[in-house]
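Printed here is run_13.cif (mmCIF, N, CA and C atoms):
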```cif
data_model
#
loop_
_atom_site.label_atom_id
_atom_site.label_comp_id
_atom_site.auth_asym_id
_atom_site.auth_seq_id
_atom_site.Cartn_x
_atom_site.Cartn_y
_atom_site.Cartn_z
N LEU A 211 128.45 116.97 109.09
CA LEU A 211 128.94 118.30 109.37
C LEU A 211 128.18 119.32 108.54
N ALA A 212 126.88 119.13 108.43
CA ALA A 212 126.03 120.08 107.70
C ALA A 212 125.98 121.39 108.48
N PRO A 213 125.72 122.50 107.81
CA PRO A 213 125.60 123.77 108.52
C PRO A 213 124.61 123.69 109.68
N ASP A 214 123.56 122.94 109.50
CA ASP A 214 122.56 122.75 110.54
C ASP A 214 121.93 121.38 110.32
N ASP A 215 121.57 120.69 111.40
CA ASP A 215 121.00 119.34 111.25
C ASP A 215 119.75 119.33 110.38
N ARG A 216 119.01 120.42 110.39
CA ARG A 216 117.79 120.49 109.57
C ARG A 216 118.12 120.48 108.08
N ASP A 217 119.35 120.86 107.72
CA ASP A 217 119.76 120.89 106.32
C ASP A 217 120.06 119.51 105.76
N ALA A 218 120.25 118.53 106.61
CA ALA A 218 120.68 117.20 106.17
C ALA A 218 119.72 116.57 105.18
N THR A 219 118.41 116.69 105.40
CA THR A 219 117.46 116.08 104.48
C THR A 219 117.47 116.78 103.13
N VAL A 220 117.61 118.09 103.14
CA VAL A 220 117.65 118.86 101.88
C VAL A 220 118.92 118.52 101.11
N LEU A 221 120.03 118.36 101.82
CA LEU A 221 121.31 118.06 101.19
C LEU A 221 121.50 116.57 100.91
N ASN A 222 120.53 115.75 101.36
CA ASN A 222 120.60 114.30 101.21
C ASN A 222 121.87 113.74 101.86
N VAL A 223 122.10 114.16 103.11
CA VAL A 223 123.27 113.78 103.87
C VAL A 223 122.83 113.05 105.13
N LYS A 224 123.53 111.97 105.47
CA LYS A 224 123.25 111.26 106.72
C LYS A 224 123.81 112.06 107.88
N LEU A 225 123.02 112.18 108.95
CA LEU A 225 123.51 112.86 110.15
C LEU A 225 124.53 111.98 110.85
N LYS A 226 125.55 112.59 111.38
CA LYS A 226 126.57 111.89 112.15
C LYS A 226 126.28 112.06 113.63
N ASP A 227 126.89 111.22 114.44
CA ASP A 227 126.74 111.30 115.88
C ASP A 227 127.19 112.69 116.36
N PRO A 228 126.38 113.40 117.16
CA PRO A 228 126.73 114.76 117.58
C PRO A 228 128.04 114.84 118.36
N GLY A 229 128.31 113.86 119.23
CA GLY A 229 129.57 113.87 119.97
C GLY A 229 130.77 113.69 119.06
N LEU A 230 130.62 112.81 118.08
CA LEU A 230 131.70 112.59 117.13
C LEU A 230 131.91 113.82 116.26
N THR A 231 130.83 114.46 115.87
CA THR A 231 130.94 115.68 115.07
C THR A 231 131.70 116.74 115.84
N ALA A 232 131.41 116.88 117.12
CA ALA A 232 132.12 117.86 117.96
C ALA A 232 133.60 117.51 118.05
N ALA A 233 133.92 116.22 118.22
CA ALA A 233 135.31 115.79 118.30
C ALA A 233 136.04 116.04 116.98
N ALA A 234 135.35 115.79 115.86
CA ALA A 234 135.95 116.04 114.55
C ALA A 234 136.24 117.53 114.36
N CYS A 235 135.33 118.37 114.82
CA CYS A 235 135.54 119.83 114.72
C CYS A 235 136.75 120.26 115.55
N VAL A 236 136.93 119.66 116.72
CA VAL A 236 138.10 119.98 117.55
C VAL A 236 139.38 119.55 116.81
N ASP A 237 139.39 118.34 116.25
CA ASP A 237 140.56 117.86 115.52
C ASP A 237 140.90 118.78 114.35
N VAL A 238 139.89 119.13 113.58
CA VAL A 238 140.10 120.00 112.42
C VAL A 238 140.54 121.39 112.88
N GLY A 239 139.99 121.86 113.99
CA GLY A 239 140.38 123.17 114.52
C GLY A 239 141.85 123.23 114.90
N ILE A 240 142.39 122.11 115.37
CA ILE A 240 143.80 122.06 115.76
C ILE A 240 144.71 122.25 114.55
N ILE A 241 144.35 121.64 113.43
CA ILE A 241 145.21 121.72 112.24
C ILE A 241 144.83 122.86 111.30
N ALA A 242 143.71 123.53 111.56
CA ALA A 242 143.19 124.55 110.64
C ALA A 242 144.20 125.66 110.30
N PRO A 243 145.05 126.12 111.21
CA PRO A 243 145.99 127.17 110.81
C PRO A 243 146.96 126.76 109.70
N GLY A 244 147.21 125.46 109.57
CA GLY A 244 148.17 125.01 108.57
C GLY A 244 147.58 124.25 107.40
N TYR A 245 146.24 124.07 107.40
CA TYR A 245 145.61 123.28 106.34
C TYR A 245 144.28 123.90 105.90
N PHE A 246 143.97 123.73 104.63
CA PHE A 246 142.63 124.02 104.13
C PHE A 246 141.81 122.76 104.40
N VAL A 247 140.53 122.93 104.68
CA VAL A 247 139.67 121.80 105.00
C VAL A 247 138.49 121.77 104.04
N HIS A 248 138.13 120.59 103.56
CA HIS A 248 137.04 120.45 102.60
C HIS A 248 136.29 119.15 102.89
N SER A 249 135.05 119.11 102.49
CA SER A 249 134.25 117.89 102.67
C SER A 249 134.77 116.77 101.78
N SER A 250 134.31 115.58 102.05
CA SER A 250 134.66 114.42 101.23
C SER A 250 133.40 113.69 100.82
N ARG A 251 133.34 113.28 99.56
CA ARG A 251 132.17 112.54 99.09
C ARG A 251 132.06 111.19 99.78
N TRP A 252 133.16 110.68 100.30
CA TRP A 252 133.15 109.37 100.95
C TRP A 252 132.51 109.40 102.33
N CYS A 253 132.37 110.56 102.92
CA CYS A 253 131.80 110.66 104.27
C CYS A 253 130.38 110.08 104.31
N ASP A 254 129.67 110.19 103.21
CA ASP A 254 128.29 109.71 103.14
C ASP A 254 128.19 108.32 102.49
N ASP A 255 129.34 107.70 102.23
CA ASP A 255 129.39 106.38 101.60
C ASP A 255 128.92 105.32 102.60
N GLY A 256 128.34 104.25 102.10
CA GLY A 256 127.78 103.20 102.94
C GLY A 256 128.75 102.52 103.88
N ARG A 257 130.03 102.47 103.52
CA ARG A 257 130.98 101.78 104.40
C ARG A 257 131.32 102.60 105.65
N PHE A 258 131.00 103.90 105.62
CA PHE A 258 131.19 104.74 106.79
C PHE A 258 129.84 104.96 107.47
N GLY A 259 129.81 104.75 108.77
CA GLY A 259 128.55 104.88 109.51
C GLY A 259 128.39 106.24 110.16
N SER A 260 127.43 106.31 111.08
CA SER A 260 127.16 107.57 111.76
C SER A 260 128.28 107.93 112.73
N ASN A 261 129.19 107.00 113.00
CA ASN A 261 130.32 107.25 113.89
C ASN A 261 131.63 107.46 113.14
N ASP A 262 131.55 107.77 111.85
CA ASP A 262 132.74 108.00 111.03
C ASP A 262 132.59 109.33 110.28
N VAL A 263 133.58 110.19 110.41
CA VAL A 263 133.60 111.45 109.67
C VAL A 263 134.87 111.46 108.82
N VAL A 264 134.74 111.76 107.53
CA VAL A 264 135.88 111.84 106.62
C VAL A 264 135.94 113.25 106.06
N VAL A 265 137.10 113.88 106.16
CA VAL A 265 137.32 115.21 105.56
C VAL A 265 138.62 115.20 104.79
N ARG A 266 138.71 116.09 103.83
CA ARG A 266 139.95 116.26 103.07
C ARG A 266 140.67 117.50 103.58
N VAL A 267 141.98 117.42 103.67
CA VAL A 267 142.78 118.57 104.08
C VAL A 267 143.94 118.74 103.10
N ALA A 268 144.33 119.98 102.89
CA ALA A 268 145.46 120.27 102.01
C ALA A 268 146.35 121.30 102.71
N GLU A 269 147.63 121.05 102.67
CA GLU A 269 148.59 121.91 103.34
C GLU A 269 148.56 123.34 102.80
N VAL A 270 148.61 124.31 103.69
CA VAL A 270 148.69 125.72 103.31
C VAL A 270 150.16 126.04 103.11
N ARG A 271 150.54 126.35 101.88
CA ARG A 271 151.94 126.66 101.61
C ARG A 271 152.24 128.14 101.88
N ASP A 272 151.36 129.01 101.43
CA ASP A 272 151.53 130.45 101.67
C ASP A 272 150.14 131.08 101.72
N PRO A 273 149.57 131.26 102.91
CA PRO A 273 148.19 131.76 103.02
C PRO A 273 147.99 133.15 102.43
N ASP A 274 149.07 133.94 102.33
CA ASP A 274 148.93 135.28 101.76
C ASP A 274 148.79 135.27 100.24
N LEU A 275 149.16 134.16 99.62
CA LEU A 275 149.09 134.07 98.16
C LEU A 275 147.95 133.21 97.65
N VAL A 276 147.10 132.72 98.56
CA VAL A 276 146.02 131.82 98.18
C VAL A 276 144.69 132.45 98.56
N ASP A 277 143.79 132.59 97.58
CA ASP A 277 142.46 133.13 97.90
C ASP A 277 141.42 132.00 97.81
N GLN A 278 140.18 132.33 98.06
CA GLN A 278 139.11 131.32 98.12
C GLN A 278 138.98 130.55 96.82
N LEU A 279 139.11 131.20 95.69
CA LEU A 279 139.01 130.53 94.39
C LEU A 279 140.14 129.50 94.23
N ASP A 280 141.33 129.87 94.70
CA ASP A 280 142.45 128.93 94.63
C ASP A 280 142.19 127.68 95.47
N VAL A 281 141.60 127.87 96.64
CA VAL A 281 141.29 126.73 97.51
C VAL A 281 140.32 125.79 96.80
N HIS A 282 139.31 126.36 96.15
CA HIS A 282 138.37 125.53 95.39
C HIS A 282 139.11 124.74 94.30
N LYS A 283 140.02 125.39 93.61
CA LYS A 283 140.78 124.72 92.54
C LYS A 283 141.66 123.61 93.10
N ILE A 284 142.24 123.83 94.26
CA ILE A 284 143.11 122.81 94.87
C ILE A 284 142.33 121.52 95.07
N PHE A 285 141.13 121.63 95.64
CA PHE A 285 140.35 120.42 95.90
C PHE A 285 139.69 119.88 94.64
N ALA A 286 139.32 120.75 93.71
CA ALA A 286 138.69 120.30 92.46
C ALA A 286 139.69 119.57 91.56
N ASN A 287 140.97 119.90 91.66
CA ASN A 287 142.00 119.30 90.81
C ASN A 287 142.69 118.11 91.46
N GLU A 288 142.11 117.61 92.53
CA GLU A 288 142.67 116.43 93.19
C GLU A 288 142.77 115.29 92.18
N HIS A 289 143.82 114.52 92.27
CA HIS A 289 144.01 113.45 91.30
C HIS A 289 144.57 112.20 91.98
N ASP A 290 144.43 111.10 91.29
CA ASP A 290 144.96 109.83 91.75
C ASP A 290 146.49 109.88 91.62
N PRO A 291 147.23 109.60 92.70
CA PRO A 291 148.70 109.65 92.61
C PRO A 291 149.28 108.72 91.55
N ALA A 292 148.55 107.67 91.18
CA ALA A 292 149.02 106.76 90.15
C ALA A 292 149.06 107.46 88.78
N GLU A 293 148.32 108.54 88.66
CA GLU A 293 148.28 109.30 87.40
C GLU A 293 149.12 110.57 87.51
N TRP A 294 150.23 110.51 88.23
CA TRP A 294 151.05 111.68 88.46
C TRP A 294 151.55 112.31 87.17
N ARG A 295 151.46 113.62 87.12
CA ARG A 295 152.04 114.41 86.02
C ARG A 295 152.70 115.62 86.67
N PRO A 296 153.74 116.16 86.06
CA PRO A 296 154.43 117.30 86.68
C PRO A 296 153.57 118.55 86.80
N ASP A 297 152.51 118.67 86.00
CA ASP A 297 151.67 119.87 86.06
C ASP A 297 150.53 119.73 87.07
N ARG A 298 150.46 118.61 87.77
CA ARG A 298 149.38 118.40 88.74
C ARG A 298 149.99 118.12 90.11
N TYR A 299 149.81 119.03 91.00
CA TYR A 299 150.37 118.89 92.34
C TYR A 299 149.23 118.82 93.33
N ASP A 300 149.28 117.91 94.27
CA ASP A 300 148.15 117.72 95.18
C ASP A 300 148.22 118.53 96.47
N TRP A 301 149.19 119.43 96.60
CA TRP A 301 149.28 120.34 97.75
C TRP A 301 149.32 119.60 99.07
N GLY A 302 149.94 118.46 99.11
CA GLY A 302 150.00 117.72 100.37
C GLY A 302 148.63 117.31 100.85
N MET A 303 147.74 116.99 99.92
CA MET A 303 146.36 116.66 100.28
C MET A 303 146.29 115.29 100.95
N ARG A 304 145.53 115.25 102.04
CA ARG A 304 145.31 114.01 102.78
C ARG A 304 143.84 113.92 103.17
N CYS A 305 143.42 112.75 103.56
CA CYS A 305 142.05 112.55 104.04
C CYS A 305 142.13 112.07 105.48
N LEU A 306 141.30 112.64 106.33
CA LEU A 306 141.27 112.26 107.73
C LEU A 306 139.99 111.52 108.04
N LEU A 307 140.10 110.44 108.77
CA LEU A 307 138.95 109.69 109.27
C LEU A 307 138.91 109.89 110.77
N ARG A 308 137.78 110.40 111.26
CA ARG A 308 137.59 110.56 112.71
C ARG A 308 136.47 109.63 113.13
N ASN A 309 136.75 108.76 114.08
CA ASN A 309 135.71 107.90 114.64
C ASN A 309 135.91 107.81 116.14
N GLU A 310 135.20 106.90 116.80
CA GLU A 310 135.24 106.86 118.26
C GLU A 310 136.60 106.47 118.81
N ARG A 311 137.47 105.91 118.00
CA ARG A 311 138.80 105.51 118.45
C ARG A 311 139.85 106.58 118.21
N GLY A 312 139.50 107.65 117.54
CA GLY A 312 140.47 108.71 117.29
C GLY A 312 140.49 109.13 115.83
N CYS A 313 141.60 109.71 115.43
CA CYS A 313 141.75 110.28 114.10
C CYS A 313 142.88 109.57 113.37
N ALA A 314 142.68 109.27 112.08
CA ALA A 314 143.70 108.58 111.28
C ALA A 314 143.73 109.17 109.88
N VAL A 315 144.90 109.17 109.28
CA VAL A 315 145.04 109.56 107.89
C VAL A 315 144.70 108.33 107.05
N VAL A 316 143.79 108.49 106.09
CA VAL A 316 143.37 107.37 105.24
C VAL A 316 143.52 107.74 103.77
N ASP A 317 143.63 106.73 102.92
CA ASP A 317 143.75 106.94 101.48
C ASP A 317 142.35 106.91 100.87
N ALA A 318 141.67 108.08 100.90
CA ALA A 318 140.27 108.14 100.44
C ALA A 318 140.02 109.42 99.64
N LYS A 319 140.82 109.63 98.61
CA LYS A 319 140.65 110.84 97.80
C LYS A 319 139.34 110.79 97.02
N ASP A 320 138.72 111.94 96.84
CA ASP A 320 137.47 112.01 96.10
C ASP A 320 137.64 111.61 94.64
N SER A 321 138.84 111.72 94.12
CA SER A 321 139.07 111.39 92.71
C SER A 321 139.06 109.87 92.45
N TYR A 322 139.14 109.08 93.49
CA TYR A 322 139.11 107.62 93.31
C TYR A 322 137.72 107.17 92.88
N ASP A 323 137.67 106.19 91.96
CA ASP A 323 136.39 105.61 91.56
C ASP A 323 135.81 104.77 92.69
N ASP A 324 136.67 104.09 93.40
CA ASP A 324 136.25 103.27 94.53
C ASP A 324 137.40 103.25 95.53
N LEU A 325 137.10 102.89 96.76
CA LEU A 325 138.14 102.84 97.78
C LEU A 325 138.73 101.44 97.88
N ASP A 326 139.99 101.40 98.19
CA ASP A 326 140.71 100.16 98.38
C ASP A 326 140.13 99.41 99.59
N ALA A 327 140.22 98.09 99.57
CA ALA A 327 139.69 97.29 100.67
C ALA A 327 140.37 97.58 102.00
N SER A 328 141.57 98.16 101.96
CA SER A 328 142.27 98.47 103.20
C SER A 328 141.52 99.49 104.05
N ILE A 329 140.68 100.29 103.42
CA ILE A 329 139.90 101.28 104.18
C ILE A 329 138.91 100.57 105.11
N ASP A 330 138.39 99.43 104.68
CA ASP A 330 137.47 98.67 105.52
C ASP A 330 138.15 98.17 106.79
N VAL A 331 139.42 97.83 106.69
CA VAL A 331 140.17 97.38 107.86
C VAL A 331 140.25 98.51 108.88
N VAL A 332 140.56 99.71 108.42
CA VAL A 332 140.68 100.85 109.32
C VAL A 332 139.33 101.21 109.92
N VAL A 333 138.28 101.23 109.11
CA VAL A 333 136.95 101.61 109.58
C VAL A 333 136.42 100.59 110.58
N ASN A 334 136.61 99.29 110.31
CA ASN A 334 136.01 98.25 111.15
C ASN A 334 136.88 97.79 112.30
N ASP A 335 138.12 98.21 112.36
CA ASP A 335 139.01 97.79 113.46
C ASP A 335 138.41 98.20 114.80
N GLY A 336 138.26 97.24 115.67
CA GLY A 336 137.72 97.51 117.00
C GLY A 336 136.21 97.42 117.09
N ARG A 337 135.54 97.10 115.98
CA ARG A 337 134.09 96.96 115.98
C ARG A 337 133.71 95.50 115.82
N GLY A 338 132.83 95.02 116.66
CA GLY A 338 132.33 93.65 116.55
C GLY A 338 133.45 92.64 116.67
N ASP A 339 133.57 91.75 115.68
CA ASP A 339 134.59 90.70 115.68
C ASP A 339 135.95 91.20 115.20
N SER A 340 136.01 92.46 114.78
CA SER A 340 137.24 93.01 114.18
C SER A 340 138.09 93.75 115.21
N VAL A 341 138.33 93.11 116.32
CA VAL A 341 139.15 93.74 117.35
C VAL A 341 140.58 93.30 117.15
N GLY A 342 141.51 94.28 117.13
CA GLY A 342 142.89 93.89 116.96
C GLY A 342 143.80 94.99 116.60
#
```
Represent the structure from my file as structure tokens, please.
Amino acid sequence: LAPDDRDATVLNVKLKDPGLTAAACVDVGIIAPGYFVHSSRWCDDGRFGSNDVVVRVAEVRDPDLVDQLDVHKIFANEHDPAEWRPDRYDWGMRCLLRNERGCAVVDAKDSYDDLDASIDVVVNDGRGDSVG
């Protein structure tokens, strides 16, 4: 989801399938009035291919009280739920995976050091021998 495909080499980003990118934009456009949308470092991870797009979304609680700097802080302060503290709120942050089979909510926060093996089940379901 680079601004332009020509930017991918400069940004060191793998290009995604154009049809999938269009479908991901439609999905994000549907929820955009109620959520902030941000890129995910996992989108370029090796376990996700050219047919997988991962984005982070955070619920908009009051759009009149949140400016662009606040949105940056919301995503920058993302934390592992296992490290919950009362002063750190994740704003209903979720990660969406869009692939050829549709869209799913996945546990793939940027704050994680590594992703749980369960993400591989979701990514590979329906591919090759992993039909089920």
### Selection result of the PyMOL selection byres ((chain A and resi 315) around 7) on this file, as an MDAnalysis selection string
chainID A and resid 304:307 313:314 316:318
#### Entry: Which of stretch 211-336 of chain A fall in strand (DSSP E or B), as number ranges by chain
A: 245-249, 263-269, 304-309, 312-316
### Å distance separating atom N of A:Gly244 from atom C of A:Ala268, one decimal place
8.1 Å
### Task
List the residues matched by the PyMOL selection byres (((chain A and resi 248-250 and name CA) around 7) and name CA) in the displayed structure as a PyMOL selection string, ordered by chain and then by residue number.
chain A and resi 246-247+251-253+264-267+320
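As for atom N of A:Pro243 and atom CA of A:Val263, they are spaced 18.7 Å apart.
A straight line drawn from atom CA of A:Lys224 to atom CA of A:Asp254 is 6.4 Å long.
Restricting the calculation to only C-alpha atoms, the smallest distance between A:Asp237 and any of A:Tyr322, A:Gly256, A:Leu279, A:Gly312 is found for A:Gly312.
The nearest approach to A:Asp324 among the residues A:Asp215, A:Val276, A:Pro228, A:Arg257, with only C-alpha atoms taken into account, belongs to A:Arg257.
Minimum distance to A:Val333 across A:Val236, A:Leu225, A:Thr219, A:Phe258 (counting only N, CA and C atoms) occurs at A:Phe258.
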### Task
Write out as a PyMOL selection string all residues of chain A that backbone DSSP assigns to helix (DSSP H, G or I).
chain A and resi 217-221+228-244+251-254+273-275+278-286+291-293+328-334
Since the input lacks atoms, please generate all heavy atoms for stretch 309-320 of chain A and provide them as a PDB file, in the coordinates of the input.
```
ATOM      1  N   ASN A 309     136.750 108.760 114.080  1.00  0.00           N
ATOM      2  CA  ASN A 309     135.710 107.900 114.640  1.00  0.00           C
ATOM      3  C   ASN A 309     135.910 107.810 116.140  1.00  0.00           C
ATOM      4  O   ASN A 309     136.710 108.561 116.710  1.00  0.00           O
ATOM      5  CB  ASN A 309     135.658 106.535 113.956  1.00  0.00           C
ATOM      6  CG  ASN A 309     136.964 105.789 114.013  1.00  0.00           C
ATOM      7  OD1 ASN A 309     137.760 105.965 114.930  1.00  0.00           O
ATOM      8  ND2 ASN A 309     137.199 104.944 113.025  1.00  0.00           N
ATOM      9  N   GLU A 310     135.200 106.900 116.800  1.00  0.00           N
ATOM     10  CA  GLU A 310     135.240 106.860 118.260  1.00  0.00           C
ATOM     11  C   GLU A 310     136.600 106.470 118.810  1.00  0.00           C
ATOM     12  O   GLU A 310     136.892 106.695 119.976  1.00  0.00           O
ATOM     13  CB  GLU A 310     134.149 105.926 118.810  1.00  0.00           C
ATOM     14  CG  GLU A 310     134.318 104.472 118.443  1.00  0.00           C
ATOM     15  CD  GLU A 310     133.594 104.067 117.173  1.00  0.00           C
ATOM     16  OE1 GLU A 310     133.121 104.945 116.427  1.00  0.00           O
ATOM     17  OE2 GLU A 310     133.505 102.859 116.911  1.00  0.00           O
ATOM     18  N   ARG A 311     137.470 105.910 118.000  1.00  0.00           N
ATOM     19  CA  ARG A 311     138.800 105.510 118.450  1.00  0.00           C
ATOM     20  C   ARG A 311     139.850 106.580 118.210  1.00  0.00           C
ATOM     21  O   ARG A 311     140.996 106.416 118.591  1.00  0.00           O
ATOM     22  CB  ARG A 311     139.205 104.194 117.793  1.00  0.00           C
ATOM     23  CG  ARG A 311     138.393 103.016 118.290  1.00  0.00           C
ATOM     24  CD  ARG A 311     138.649 101.746 117.538  1.00  0.00           C
ATOM     25  NE  ARG A 311     138.714 101.860 116.092  1.00  0.00           N
ATOM     26  CZ  ARG A 311     137.656 102.038 115.284  1.00  0.00           C
ATOM     27  NH1 ARG A 311     136.463 102.149 115.795  1.00  0.00           N
ATOM     28  NH2 ARG A 311     137.800 102.109 113.990  1.00  0.00           N
ATOM     29  N   GLY A 312     139.500 107.650 117.540  1.00  0.00           N
ATOM     30  CA  GLY A 312     140.470 108.710 117.290  1.00  0.00           C
ATOM     31  C   GLY A 312     140.490 109.130 115.830  1.00  0.00           C
ATOM     32  O   GLY A 312     139.540 108.928 115.088  1.00  0.00           O
ATOM     33  N   CYS A 313     141.600 109.710 115.430  1.00  0.00           N
ATOM     34  CA  CYS A 313     141.750 110.280 114.100  1.00  0.00           C
ATOM     35  C   CYS A 313     142.880 109.570 113.370  1.00  0.00           C
ATOM     36  O   CYS A 313     143.925 109.277 113.971  1.00  0.00           O
ATOM     37  CB  CYS A 313     142.052 111.772 114.235  1.00  0.00           C
ATOM     38  SG  CYS A 313     141.866 112.700 112.723  1.00  0.00           S
ATOM     39  N   ALA A 314     142.680 109.270 112.080  1.00  0.00           N
ATOM     40  CA  ALA A 314     143.700 108.580 111.280  1.00  0.00           C
ATOM     41  C   ALA A 314     143.730 109.170 109.880  1.00  0.00           C
ATOM     42  O   ALA A 314     142.707 109.630 109.365  1.00  0.00           O
ATOM     43  CB  ALA A 314     143.397 107.094 111.201  1.00  0.00           C
ATOM     44  N   VAL A 315     144.900 109.170 109.280  1.00  0.00           N
ATOM     45  CA  VAL A 315     145.040 109.560 107.890  1.00  0.00           C
ATOM     46  C   VAL A 315     144.700 108.330 107.050  1.00  0.00           C
ATOM     47  O   VAL A 315     145.237 107.241 107.290  1.00  0.00           O
ATOM     48  CB  VAL A 315     146.468 110.046 107.581  1.00  0.00           C
ATOM     49  CG1 VAL A 315     146.629 110.360 106.106  1.00  0.00           C
ATOM     50  CG2 VAL A 315     146.809 111.254 108.432  1.00  0.00           C
ATOM     51  N   VAL A 316     143.790 108.490 106.090  1.00  0.00           N
ATOM     52  CA  VAL A 316     143.370 107.370 105.240  1.00  0.00           C
ATOM     53  C   VAL A 316     143.520 107.740 103.770  1.00  0.00           C
ATOM     54  O   VAL A 316     143.520 108.916 103.415  1.00  0.00           O
ATOM     55  CB  VAL A 316     141.916 106.926 105.535  1.00  0.00           C
ATOM     56  CG1 VAL A 316     141.808 106.349 106.938  1.00  0.00           C
ATOM     57  CG2 VAL A 316     140.944 108.070 105.349  1.00  0.00           C
ATOM     58  N   ASP A 317     143.630 106.730 102.920  1.00  0.00           N
ATOM     59  CA  ASP A 317     143.750 106.940 101.480  1.00  0.00           C
ATOM     60  C   ASP A 317     142.350 106.910 100.870  1.00  0.00           C
ATOM     61  O   ASP A 317     141.881 105.869 100.420  1.00  0.00           O
ATOM     62  CB  ASP A 317     144.635 105.850 100.884  1.00  0.00           C
ATOM     63  CG  ASP A 317     145.012 106.146  99.444  1.00  0.00           C
ATOM     64  OD1 ASP A 317     144.881 107.308  99.019  1.00  0.00           O
ATOM     65  OD2 ASP A 317     145.444 105.212  98.748  1.00  0.00           O
ATOM     66  N   ALA A 318     141.670 108.080 100.900  1.00  0.00           N
ATOM     67  CA  ALA A 318     140.270 108.140 100.440  1.00  0.00           C
ATOM     68  C   ALA A 318     140.020 109.420  99.640  1.00  0.00           C
ATOM     69  O   ALA A 318     139.130 110.194  99.941  1.00  0.00           O
ATOM     70  CB  ALA A 318     139.334 108.087 101.641  1.00  0.00           C
ATOM     71  N   LYS A 319     140.820 109.630  98.610  1.00  0.00           N
ATOM     72  CA  LYS A 319     140.650 110.840  97.800  1.00  0.00           C
ATOM     73  C   LYS A 319     139.340 110.790  97.020  1.00  0.00           C
ATOM     74  O   LYS A 319     138.918 109.733  96.572  1.00  0.00           O
ATOM     75  CB  LYS A 319     141.832 111.014  96.848  1.00  0.00           C
ATOM     76  CG  LYS A 319     143.117 111.356  97.582  1.00  0.00           C
ATOM     77  CD  LYS A 319     144.205 111.710  96.611  1.00  0.00           C
ATOM     78  CE  LYS A 319     145.433 112.156  97.380  1.00  0.00           C
ATOM     79  NZ  LYS A 319     146.499 112.601  96.495  1.00  0.00           N
ATOM     80  N   ASP A 320     138.720 111.940  96.840  1.00  0.00           N
ATOM     81  CA  ASP A 320     137.470 112.010  96.100  1.00  0.00           C
ATOM     82  C   ASP A 320     137.640 111.610  94.640  1.00  0.00           C
ATOM     83  O   ASP A 320     136.680 111.215  93.988  1.00  0.00           O
ATOM     84  CB  ASP A 320     136.888 113.431  96.174  1.00  0.00           C
ATOM     85  CG  ASP A 320     136.106 113.662  97.454  1.00  0.00           C
ATOM     86  OD1 ASP A 320     136.252 112.870  98.397  1.00  0.00           O
ATOM     87  OD2 ASP A 320     135.340 114.644  97.503  1.00  0.00           O
TER      88      ASP A 320
END
```
